Structure formats: C-alpha cells, structure tokens
$ cat data.csv   # CSV, C-alpha atoms
chain,number,residue,atom,x,y,z
V,1,MET,CA,-5.6,-6.8,-22.9
V,2,ARG,CA,-6.6,-9.6,-25.2
V,3,ALA,CA,-4.8,-12.8,-24.5
V,4,LYS,CA,-2.3,-13.9,-27.2
V,5,ALA,CA,-1.9,-17.6,-28.1
V,6,ALA,CA,1.6,-18.6,-27.1
V,7,GLY,CA,1.7,-22.4,-26.6
V,8,LEU,CA,2.7,-22.0,-22.9
V,9,VAL,CA,2.1,-24.5,-20.2
V,10,LEU,CA,2.6,-23.5,-16.5
V,11,TYR,CA,3.1,-26.2,-13.8
V,12,ASP,CA,1.6,-24.3,-10.9
V,13,TYR,CA,0.2,-24.4,-7.4
V,14,TRP,CA,-2.3,-21.8,-6.3
V,15,ARG,CA,-0.6,-20.8,-3.1
V,16,SER,CA,3.0,-20.9,-4.4
V,17,SER,CA,4.4,-17.3,-4.3
V,18,ALA,CA,7.0,-18.2,-6.9
V,19,ALA,CA,4.3,-19.5,-9.3
V,20,TYR,CA,2.2,-16.4,-8.4
V,21,ARG,CA,5.1,-14.2,-9.8
V,22,VAL,CA,5.0,-16.1,-13.1
V,23,ARG,CA,1.2,-15.8,-13.4
V,24,ILE,CA,1.5,-12.1,-12.9
V,25,ALA,CA,4.1,-11.8,-15.7
V,26,LEU,CA,2.0,-13.9,-18.1
V,27,HIS,CA,-1.1,-11.8,-17.5
V,28,LEU,CA,0.9,-8.6,-17.8
V,29,LYS,CA,2.1,-9.8,-21.2
V,30,GLY,CA,-1.5,-10.8,-22.2
V,31,LEU,CA,-0.4,-14.4,-22.9
V,32,ARG,CA,-2.7,-17.3,-23.0
V,33,PHE,CA,-1.4,-20.3,-21.1
V,34,GLU,CA,-2.5,-23.7,-19.8
V,35,GLN,CA,-2.2,-24.4,-16.1
V,36,ARG,CA,-1.3,-27.8,-14.8
V,37,PRO,CA,-1.6,-27.8,-11.0
V,38,VAL,CA,1.0,-29.6,-8.9
V,39,HIS,CA,-0.4,-29.9,-5.4
V,40,LEU,CA,2.4,-29.3,-3.0
V,41,VAL,CA,0.7,-30.8,0.1
V,42,ARG,CA,-1.7,-33.5,-0.9
V,43,ASP,CA,-0.5,-37.1,-0.5
V,44,GLY,CA,3.0,-35.9,0.6
V,45,GLY,CA,3.3,-33.5,-2.3
V,46,GLU,CA,2.8,-34.2,-6.0
V,47,GLN,CA,6.1,-32.4,-6.7
V,48,HIS,CA,7.9,-35.5,-5.4
V,49,ARG,CA,6.4,-37.9,-7.9
V,50,GLN,CA,8.6,-39.2,-10.7
V,51,ALA,CA,6.3,-37.8,-13.4
V,52,TYR,CA,6.9,-34.3,-12.1
V,53,LEU,CA,10.6,-34.8,-11.3
V,54,ALA,CA,11.1,-35.8,-14.9
V,55,ILE,CA,9.9,-32.2,-15.8
V,56,ASN,CA,11.7,-30.4,-13.0
V,57,PRO,CA,14.3,-32.5,-11.1
V,58,GLN,CA,14.3,-29.9,-8.2
V,59,GLY,CA,10.7,-30.9,-7.5
V,60,LEU,CA,9.6,-27.2,-7.2
V,61,VAL,CA,7.1,-25.0,-8.9
V,62,PRO,CA,6.8,-23.1,-11.2
V,63,ALA,CA,8.0,-24.8,-14.3
V,64,LEU,CA,7.1,-23.4,-17.7
V,65,LEU,CA,6.9,-25.4,-20.9
V,66,HIS,CA,7.4,-23.5,-24.2
V,67,ASP,CA,8.4,-24.7,-27.6
V,68,GLY,CA,9.6,-28.0,-26.2
V,69,ARG,CA,11.8,-26.4,-23.5
V,70,VAL,CA,11.2,-26.6,-19.8
V,71,LEU,CA,12.1,-23.5,-17.9
V,72,THR,CA,12.5,-23.3,-14.1
V,73,GLN,CA,13.1,-20.7,-11.4
V,74,SER,CA,10.6,-17.8,-11.4
V,75,LEU,CA,13.2,-15.0,-12.0
V,76,ALA,CA,14.6,-16.8,-15.0
V,77,ILE,CA,11.1,-17.6,-16.4
V,78,CYS,CA,10.0,-13.9,-16.1
V,79,GLU,CA,13.2,-12.7,-17.9
V,80,TYR,CA,12.6,-15.3,-20.5
V,81,LEU,CA,9.1,-14.1,-21.1
V,82,ASP,CA,10.3,-10.5,-21.3
V,83,GLU,CA,12.8,-11.5,-24.1
V,84,ALA,CA,10.5,-13.9,-25.9
V,85,PHE,CA,7.5,-11.6,-25.8
V,86,PRO,CA,9.0,-8.0,-25.5
V,87,GLU,CA,5.8,-6.0,-25.1
V,88,PRO,CA,4.9,-4.7,-22.7
V,89,ALA,CA,8.3,-4.8,-21.1
V,90,LEU,CA,8.8,-6.0,-17.5
V,91,LEU,CA,12.1,-4.1,-17.1
V,92,PRO,CA,12.8,-0.4,-17.6
V,93,ALA,CA,14.5,0.7,-20.8
V,94,ASP,CA,17.7,2.0,-19.3
V,95,PRO,CA,20.5,-0.2,-17.8
V,96,ALA,CA,20.4,1.5,-14.4
V,97,GLY,CA,16.6,1.0,-14.2
V,98,ARG,CA,16.9,-2.6,-15.2
V,99,ALA,CA,19.5,-3.2,-12.6
V,100,GLU,CA,17.4,-1.6,-9.9
V,101,ALA,CA,14.3,-3.6,-10.8
V,102,ARG,CA,16.3,-6.8,-10.7
V,103,SER,CA,17.9,-5.8,-7.4
V,104,LEU,CA,14.6,-5.2,-5.8
V,105,ALA,CA,13.2,-8.5,-7.1
V,106,MET,CA,16.3,-10.4,-6.0
V,107,ILE,CA,16.0,-9.2,-2.4
V,108,ILE,CA,12.8,-11.3,-2.3
V,109,ALA,CA,13.8,-14.1,-4.7
V,110,CYS,CA,17.3,-14.7,-3.2
V,111,ASP,CA,17.2,-13.4,0.4
V,112,VAL,CA,13.7,-13.6,1.8
V,113,HIS,CA,11.6,-16.3,0.0
V,114,PRO,CA,14.2,-19.1,0.2
V,115,LEU,CA,14.1,-18.9,4.0
V,116,ASN,CA,10.3,-19.0,4.1
V,117,ASN,CA,9.1,-21.5,1.5
V,118,LEU,CA,7.3,-24.8,2.2
V,119,ARG,CA,10.2,-27.1,2.2
V,120,VAL,CA,12.0,-25.0,4.8
V,121,GLN,CA,8.9,-24.8,6.9
V,122,ASN,CA,8.5,-28.6,6.7
V,123,TYR,CA,12.2,-29.2,7.7
V,124,LEU,CA,11.9,-26.8,10.7
V,125,LYS,CA,8.9,-28.7,11.9
V,126,SER,CA,9.6,-32.3,11.1
V,127,GLU,CA,13.4,-32.5,11.5
V,128,LEU,CA,14.2,-29.8,14.1
V,129,GLY,CA,11.0,-30.1,16.1
V,130,VAL,CA,10.1,-26.5,15.8
V,131,SER,CA,6.5,-25.6,16.7
V,132,PRO,CA,4.2,-24.0,14.2
V,133,GLY,CA,4.4,-20.8,16.2
V,134,GLN,CA,8.2,-20.8,16.2
V,135,ALA,CA,8.3,-21.5,12.5
V,136,ALA,CA,6.0,-18.4,12.0
V,137,THR,CA,8.4,-16.4,14.1
V,138,TRP,CA,11.3,-17.5,11.9
V,139,MET,CA,9.5,-16.6,8.7
V,140,ASN,CA,8.4,-13.2,10.0
V,141,HIS,CA,11.9,-12.4,11.1
V,142,TRP,CA,13.3,-12.8,7.6
V,143,MET,CA,10.4,-11.2,5.9
V,144,THR,CA,10.7,-8.2,8.2
V,145,LEU,CA,14.4,-7.8,7.5
V,146,GLY,CA,13.8,-8.0,3.7
V,147,PHE,CA,10.9,-5.6,3.8
V,148,ALA,CA,12.9,-3.1,5.8
V,149,ALA,CA,15.5,-3.0,3.1
V,150,LEU,CA,12.9,-2.7,0.4
V,151,GLU,CA,11.1,0.0,2.2
V,152,ALA,CA,14.3,2.0,2.6
V,153,ARG,CA,15.0,1.6,-1.1
V,154,LEU,CA,11.5,2.8,-2.1
V,155,SER,CA,11.7,5.7,0.3
V,156,ALA,CA,15.1,6.8,-1.0
V,157,ARG,CA,13.9,7.2,-4.6
V,158,ALA,CA,14.1,10.7,-5.9
V,159,ARG,CA,10.7,10.5,-7.6
V,160,SER,CA,7.8,8.5,-6.5
V,161,GLY,CA,5.3,6.5,-8.5
V,162,ALA,CA,2.4,4.2,-8.1
V,163,CYS,CA,4.6,1.2,-8.5
V,164,CYS,CA,8.1,0.4,-7.3
V,165,LEU,CA,9.8,2.1,-10.2
V,166,GLY,CA,7.4,4.7,-11.5
V,167,ASP,CA,3.8,4.2,-12.6
V,168,ARG,CA,4.2,1.0,-14.6
V,169,PRO,CA,4.6,-2.5,-13.1
V,170,THR,CA,8.1,-4.0,-13.5
V,171,LEU,CA,9.8,-7.2,-12.3
V,172,ALA,CA,10.1,-5.5,-8.8
V,173,ASP,CA,6.3,-5.3,-8.4
V,174,ILE,CA,5.9,-8.9,-9.8
V,175,PHE,CA,8.0,-10.2,-6.9
V,176,LEU,CA,6.8,-7.8,-4.2
V,177,VAL,CA,3.1,-8.5,-4.3
V,178,PRO,CA,3.3,-12.3,-3.8
V,179,GLN,CA,5.7,-11.7,-0.9
V,180,VAL,CA,3.2,-9.3,0.7
V,181,TYR,CA,0.6,-12.1,0.3
V,182,ASN,CA,2.9,-14.4,2.2
V,183,ALA,CA,3.5,-11.9,4.9
V,184,GLU,CA,-0.3,-11.3,5.4
V,185,ARG,CA,-0.9,-15.1,5.4
V,186,PHE,CA,1.6,-15.5,8.3
V,187,GLU,CA,0.4,-12.4,10.1
V,188,CYS,CA,3.7,-10.5,9.7
V,189,ASP,CA,3.4,-6.9,10.9
V,190,LEU,CA,3.6,-4.6,7.8
V,191,SER,CA,2.5,-1.4,9.5
V,192,GLY,CA,6.0,0.0,9.4
V,193,PHE,CA,6.3,-0.3,5.6
V,194,PRO,CA,3.9,2.3,4.1
V,195,ASN,CA,5.5,2.4,0.7
V,196,ILE,CA,5.3,-1.3,0.3
V,197,LEU,CA,1.7,-1.3,1.3
V,198,ARG,CA,0.9,1.6,-1.1
V,199,VAL,CA,2.6,-0.2,-4.0
V,200,ALA,CA,1.0,-3.5,-3.3
V,201,ALA,CA,-2.5,-2.0,-2.9
V,202,HIS,CA,-2.1,-0.2,-6.3
V,203,CYS,CA,-0.9,-3.3,-8.1
V,204,ARG,CA,-3.6,-5.5,-6.7
V,205,GLU,CA,-6.2,-3.3,-8.4
V,206,LEU,CA,-4.6,-4.0,-11.8
V,207,GLU,CA,-6.3,-6.7,-13.9
V,208,ALA,CA,-3.2,-8.8,-14.4
V,209,PHE,CA,-2.5,-9.0,-10.7
V,210,LYS,CA,-6.2,-9.7,-9.9
V,211,ALA,CA,-6.2,-12.6,-12.5
V,212,ALA,CA,-3.0,-14.0,-10.9
V,213,ALA,CA,-4.2,-13.9,-7.3
V,214,PRO,CA,-4.1,-17.2,-5.5
V,215,GLU,CA,-7.8,-17.2,-4.7
V,216,ARG,CA,-8.6,-16.8,-8.4
V,217,GLN,CA,-6.9,-20.0,-9.5
V,218,ALA,CA,-8.8,-23.1,-10.5
V,219,ASP,CA,-7.0,-25.3,-8.0
V,220,ALA,CA,-7.7,-23.0,-5.0
V,221,PRO,CA,-10.1,-24.6,-2.5
V,222,ALA,CA,-13.6,-23.3,-2.6
V,223,ALA,CA,-14.3,-20.4,-0.2
$ encode --input "data.csv" --output "structure tokens"
Amino acid sequence: MRAKAAGLVLYDYWRSSAAYRVRIALHLKGLRFEQRPVHLVRDGGEQHRQAYLAINPQGLVPALLHDGRVLTQSLAICEYLDEAFPEPALLPADPAGRAEARSLAMIIACDVHPLNNLRVQNYLKSELGVSPGQAATWMNHWMTLGFAALEARLSARARSGACCLGDRPTLADIFLVPQVYNAERFECDLSGFPNILRVAAHCRELEAFKAAAPERQADAPAA
C-alpha cells in the first residue's frame, strides 16, 4: 500500500508495546508519519523531561500530533485514526463485531499491559525491592491470565479466521501482537495458547506488522 501524506508525528519508543500498536495502525492505514523517538531508559528516561511533559503530561508514549492536536493513549489514538482515515477500517462494520474487537483489545490495554509496563517494573524493583526474577514472575502471571481469557474467546468463536475476528486485521490484532512480543521478551510460556500463536504468526507476515516491528525502528539498537 502506498503511503498517504497525512501530517502525522508520532512520539515513539522502539520497544514500547503501546507505541507498537499505533505504528501497526498507521501502517495498516498506509499513512506516512514522522517518528520522534523518546528514549524511555537513557539518562533516567527522556519522557520525564519538561519538553516532553509539555506534549504529554503523563510522560508516556505514544503521543500523536495531528493538525495541531496532541492525542494520547494508544486505544484512543487507534480509534481516532480509524475515524479520521476510514479506509481500511480497523473495526468490523457491525456493532457486535466492533464491540468484540474493542473487548479483545481492552483485555490487553486495560487488564494486562498496565501491570507490566516499564514504570510498574521500575517501581517493583526500586521501591519494593523486588528482584528482576520476581518482577518477571509478576509480569508472566498477569500475562498468562490475560492470554487465557483471550485464548478462550478465540476458541469459542463459531467461525475461525486467520486473524482474531476473521481474515482481516482489526483493533484486536493490533493489540495482540505487541503483547505477544512482550511475552516472548520476558519468556512467558505461550505453549498453551495455540490460537493466539496462530494469529500472531499470521499477522507478523503482513507488511504493516513487519514495518511496525520493534527491531525495524530507527531508534532500535543495532543487532
């Protein structure tokens, strides 16, 4: 798909799974965008600097600049992109399908990822004295619970498809693949989730998902 000029600026970090979601959405839409990396680790984290806090007072990535507006929170950004640039759609056409796609995405966005992100890891280690191994056990516990629910939902669908909801990627897949990346990074056992692995493997072969992958980003460290 040829990239369309859209005047979009993404404040990003290569390893952020929330930013990863937005990159997938942008590439699925075929939108051209400028990336401005915000390094979340170097020098205590560039997200804490006043220059970035003036953009996003939460000090989190991603943030998306479009038409003079700053948008934050990956779920809200993806829905904004779907409304501002309707084709191809990131949500099914029917109300029930849209609700299901949002529900699957929110299992990750609301119930899994917030317990695993960088600031939670840092708090566990620096303030509560949790060891890196214990922090990984914490993260894997919550990821496993979330994946079990997702796997059950995917298994219960009356008709199967290559993606979470049929054969076309939706918001659900946009959120699933980065969480699988996180799980693999922290060696979470995914062997009990065949449908999740099947969907993730399929999506990772699509050009939009390849282009959004962490290792493909300009700010990723050289291999």
$ residues_around --input "data.csv" --residues "Ser74 in chain V" --least-positions-apart "4" --cutoff "10 Å" --atoms "all atoms listed in the file" --output "MDAnalysis selection string"
chainID V and resid 17:23 25 61:64 78:80 109 175
$ closest_atom_pairs --input "data.csv" --of "range 52-115 of chain V" --to "range 121-144 of chain V" --cutoff "12 Å" --atoms "all atoms listed in the file" --output "Markdown table"
| residue | atom | partner | partner_atom | distance |
| --- | --- | --- | --- | --- |
| V:Ile107 | CA | V:Met143 | CA | 10.2 |
| V:Ile108 | CA | V:Met143 | CA | 8.5 |
| V:Ala109 | CA | V:Met143 | CA | 11.5 |
| V:Cys110 | CA | V:Trp142 | CA | 11.7 |
| V:Asp111 | CA | V:Trp142 | CA | 8.2 |
| V:Val112 | CA | V:Met143 | CA | 5.8 |
| V:His113 | CA | V:Met143 | CA | 7.9 |
| V:Pro114 | CA | V:Trp142 | CA | 9.8 |
| V:Leu115 | CA | V:Met139 | CA | 7.0 |
$ closest_residue --input "data.csv" --among "V:Leu118, V:Val199, V:Pro178, V:Asp167" --to "Ser155 in chain V" --atoms "all atoms listed in the file"
V:Val199
$ residues_around --input "data.csv" --residues "Met106 in chain V" --least-positions-apart "6" --cutoff "12 Å" --atoms "all atoms listed in the file" --output "VMD selection string"
chain V and resid 74 to 76 99 to 100 112 to 114 146 149 to 150 171 to 176 179
$ residues_near_point --input "data.csv" --point "(3.0, -20.8, -23.1)" --cutoff "9 Å" --atoms "only C-alpha atoms" --output "PyMOL selection string"
chain V and resi 5-10+26+31-34+64-67
$ atom_distance --input "data.csv" --atom1 "CA of Glu46 in chain V" --atom2 "CA of Ser16 in chain V"
13.4 Å
$ atom_distance --input "data.csv" --atom1 "CA of Ile24 in chain V" --atom2 "CA of Ala211 in chain V"
7.7 Å
$ residues_around --input "data.csv" --residues "Leu91 in chain V" --least-positions-apart "5" --cutoff "7 Å" --atoms "all atoms listed in the file" --output "list of chain:residue names"
V:Arg98, V:Ala101, V:Thr170, V:Leu171
$ atom_distance --input "data.csv" --atom1 "CA of Val41 in chain V" --atom2 "CA of Pro214 in chain V"
15.5 Å
$ closest_residue --input "data.csv" --among "V:Leu71, V:Leu28, V:Ala201, V:Leu165" --to "Pro86 in chain V" --atoms "all atoms listed in the file"
V:Leu28
$ closest_residue --input "data.csv" --among "V:Ala213, V:Pro169, V:Ala152, V:Arg102" --to "Pro88 in chain V" --atoms "all atoms listed in the file"
V:Pro169
$ closest_atom_pairs --input "data.csv" --of "range 26-106 of chain V" --to "range 12-15 of chain V" --cutoff "7 Å" --atoms "only C-alpha atoms" --output "CSV"
residue,atom,partner,partner_atom,distance
V:Gln35,CA,V:Asp12,CA,6.4
V:Arg36,CA,V:Asp12,CA,6.0
V:Pro37,CA,V:Asp12,CA,4.7
V:Val38,CA,V:Tyr13,CA,5.5
V:His39,CA,V:Tyr13,CA,5.9
V:Leu40,CA,V:Tyr13,CA,6.9
V:Val61,CA,V:Asp12,CA,5.9
V:Pro62,CA,V:Asp12,CA,5.3
$ closest_residue --input "data.csv" --among "V:Tyr11, V:His48, V:Ala89, V:Arg185" --to "Thr72 in chain V" --atoms "only C-alpha atoms"
V:Tyr11
$ closest_residue --input "data.csv" --among "V:Arg49, V:Ala84, V:Ala148, V:Arg157" --to "Gly97 in chain V" --atoms "all atoms listed in the file"
V:Arg157
$ closest_residue --input "data.csv" --among "V:Gly166, V:Pro194, V:Glu215, V:Gln58" --to "Tyr181 in chain V" --atoms "all atoms listed in the file"
V:Glu215
$ build_atoms --input "data.csv" --residues "range 176-206 of chain V" --atoms "N, CA and C atoms" --output "compact mmCIF listing (two decimals), in the frame of the given file"
# COMPACT_ATOMS: atom_id res chain seq x y z
N LEU V 176 7.24 -8.36 -5.51
CA LEU V 176 6.80 -7.80 -4.20
C LEU V 176 5.42 -8.26 -3.81
N VAL V 177 4.46 -8.23 -4.72
CA VAL V 177 3.10 -8.50 -4.30
C VAL V 177 2.91 -9.94 -3.77
N PRO V 178 3.48 -10.98 -4.39
CA PRO V 178 3.30 -12.30 -3.80
C PRO V 178 4.00 -12.41 -2.40
N GLN V 179 5.09 -11.66 -2.17
CA GLN V 179 5.70 -11.70 -0.90
C GLN V 179 4.85 -11.01 0.19
N VAL V 180 4.16 -9.95 -0.21
CA VAL V 180 3.20 -9.30 0.70
C VAL V 180 2.07 -10.28 1.02
N TYR V 181 1.63 -11.02 0.02
CA TYR V 181 0.60 -12.10 0.30
C TYR V 181 1.08 -13.04 1.31
N ASN V 182 2.32 -13.51 1.19
CA ASN V 182 2.90 -14.40 2.20
C ASN V 182 2.92 -13.81 3.56
N ALA V 183 3.35 -12.56 3.62
CA ALA V 183 3.50 -11.90 4.90
C ALA V 183 2.09 -11.77 5.58
N GLU V 184 1.09 -11.44 4.81
CA GLU V 184 -0.30 -11.30 5.40
C GLU V 184 -0.76 -12.71 5.82
N ARG V 185 -0.44 -13.72 5.06
CA ARG V 185 -0.90 -15.10 5.40
C ARG V 185 -0.31 -15.52 6.75
N PHE V 186 0.93 -15.13 7.04
CA PHE V 186 1.60 -15.50 8.30
C PHE V 186 1.56 -14.41 9.34
N GLU V 187 0.69 -13.43 9.13
CA GLU V 187 0.40 -12.40 10.10
C GLU V 187 1.71 -11.59 10.45
N CYS V 188 2.53 -11.34 9.47
CA CYS V 188 3.70 -10.50 9.70
C CYS V 188 3.26 -9.04 9.72
N ASP V 189 3.75 -8.30 10.68
CA ASP V 189 3.40 -6.90 10.90
C ASP V 189 3.97 -6.04 9.77
N LEU V 190 3.13 -5.48 8.91
CA LEU V 190 3.60 -4.60 7.80
C LEU V 190 3.32 -3.16 8.04
N SER V 191 2.89 -2.81 9.24
CA SER V 191 2.50 -1.40 9.50
C SER V 191 3.66 -0.44 9.37
N GLY V 192 4.89 -0.92 9.50
CA GLY V 192 6.00 0.00 9.40
C GLY V 192 6.54 0.15 7.97
N PHE V 193 5.79 -0.35 6.98
CA PHE V 193 6.30 -0.30 5.60
C PHE V 193 5.21 0.35 4.69
N PRO V 194 4.99 1.65 4.86
CA PRO V 194 3.90 2.30 4.10
C PRO V 194 4.09 2.31 2.61
N ASN V 195 5.32 2.42 2.13
CA ASN V 195 5.50 2.40 0.70
C ASN V 195 5.24 1.05 0.08
N ILE V 196 5.65 0.01 0.77
CA ILE V 196 5.30 -1.30 0.30
C ILE V 196 3.85 -1.56 0.25
N LEU V 197 3.14 -1.16 1.29
CA LEU V 197 1.70 -1.30 1.30
C LEU V 197 1.01 -0.51 0.23
N ARG V 198 1.52 0.69 -0.01
CA ARG V 198 0.90 1.60 -1.10
C ARG V 198 1.10 0.92 -2.43
N VAL V 199 2.30 0.44 -2.72
CA VAL V 199 2.60 -0.20 -4.00
C VAL V 199 1.74 -1.45 -4.19
N ALA V 200 1.72 -2.28 -3.17
CA ALA V 200 1.00 -3.50 -3.30
C ALA V 200 -0.52 -3.27 -3.47
N ALA V 201 -1.07 -2.29 -2.76
CA ALA V 201 -2.50 -2.00 -2.90
C ALA V 201 -2.80 -1.51 -4.33
N HIS V 202 -1.92 -0.69 -4.90
CA HIS V 202 -2.10 -0.20 -6.30
C HIS V 202 -2.07 -1.38 -7.26
N CYS V 203 -1.04 -2.21 -7.14
CA CYS V 203 -0.90 -3.30 -8.10
C CYS V 203 -2.04 -4.29 -8.02
N ARG V 204 -2.54 -4.52 -6.83
CA ARG V 204 -3.60 -5.50 -6.70
C ARG V 204 -4.93 -5.03 -7.34
N GLU V 205 -5.00 -3.76 -7.70
CA GLU V 205 -6.20 -3.30 -8.40
C GLU V 205 -6.02 -3.41 -9.94
N LEU V 206 -4.84 -3.80 -10.41
CA LEU V 206 -4.60 -4.00 -11.80
C LEU V 206 -5.09 -5.37 -12.26
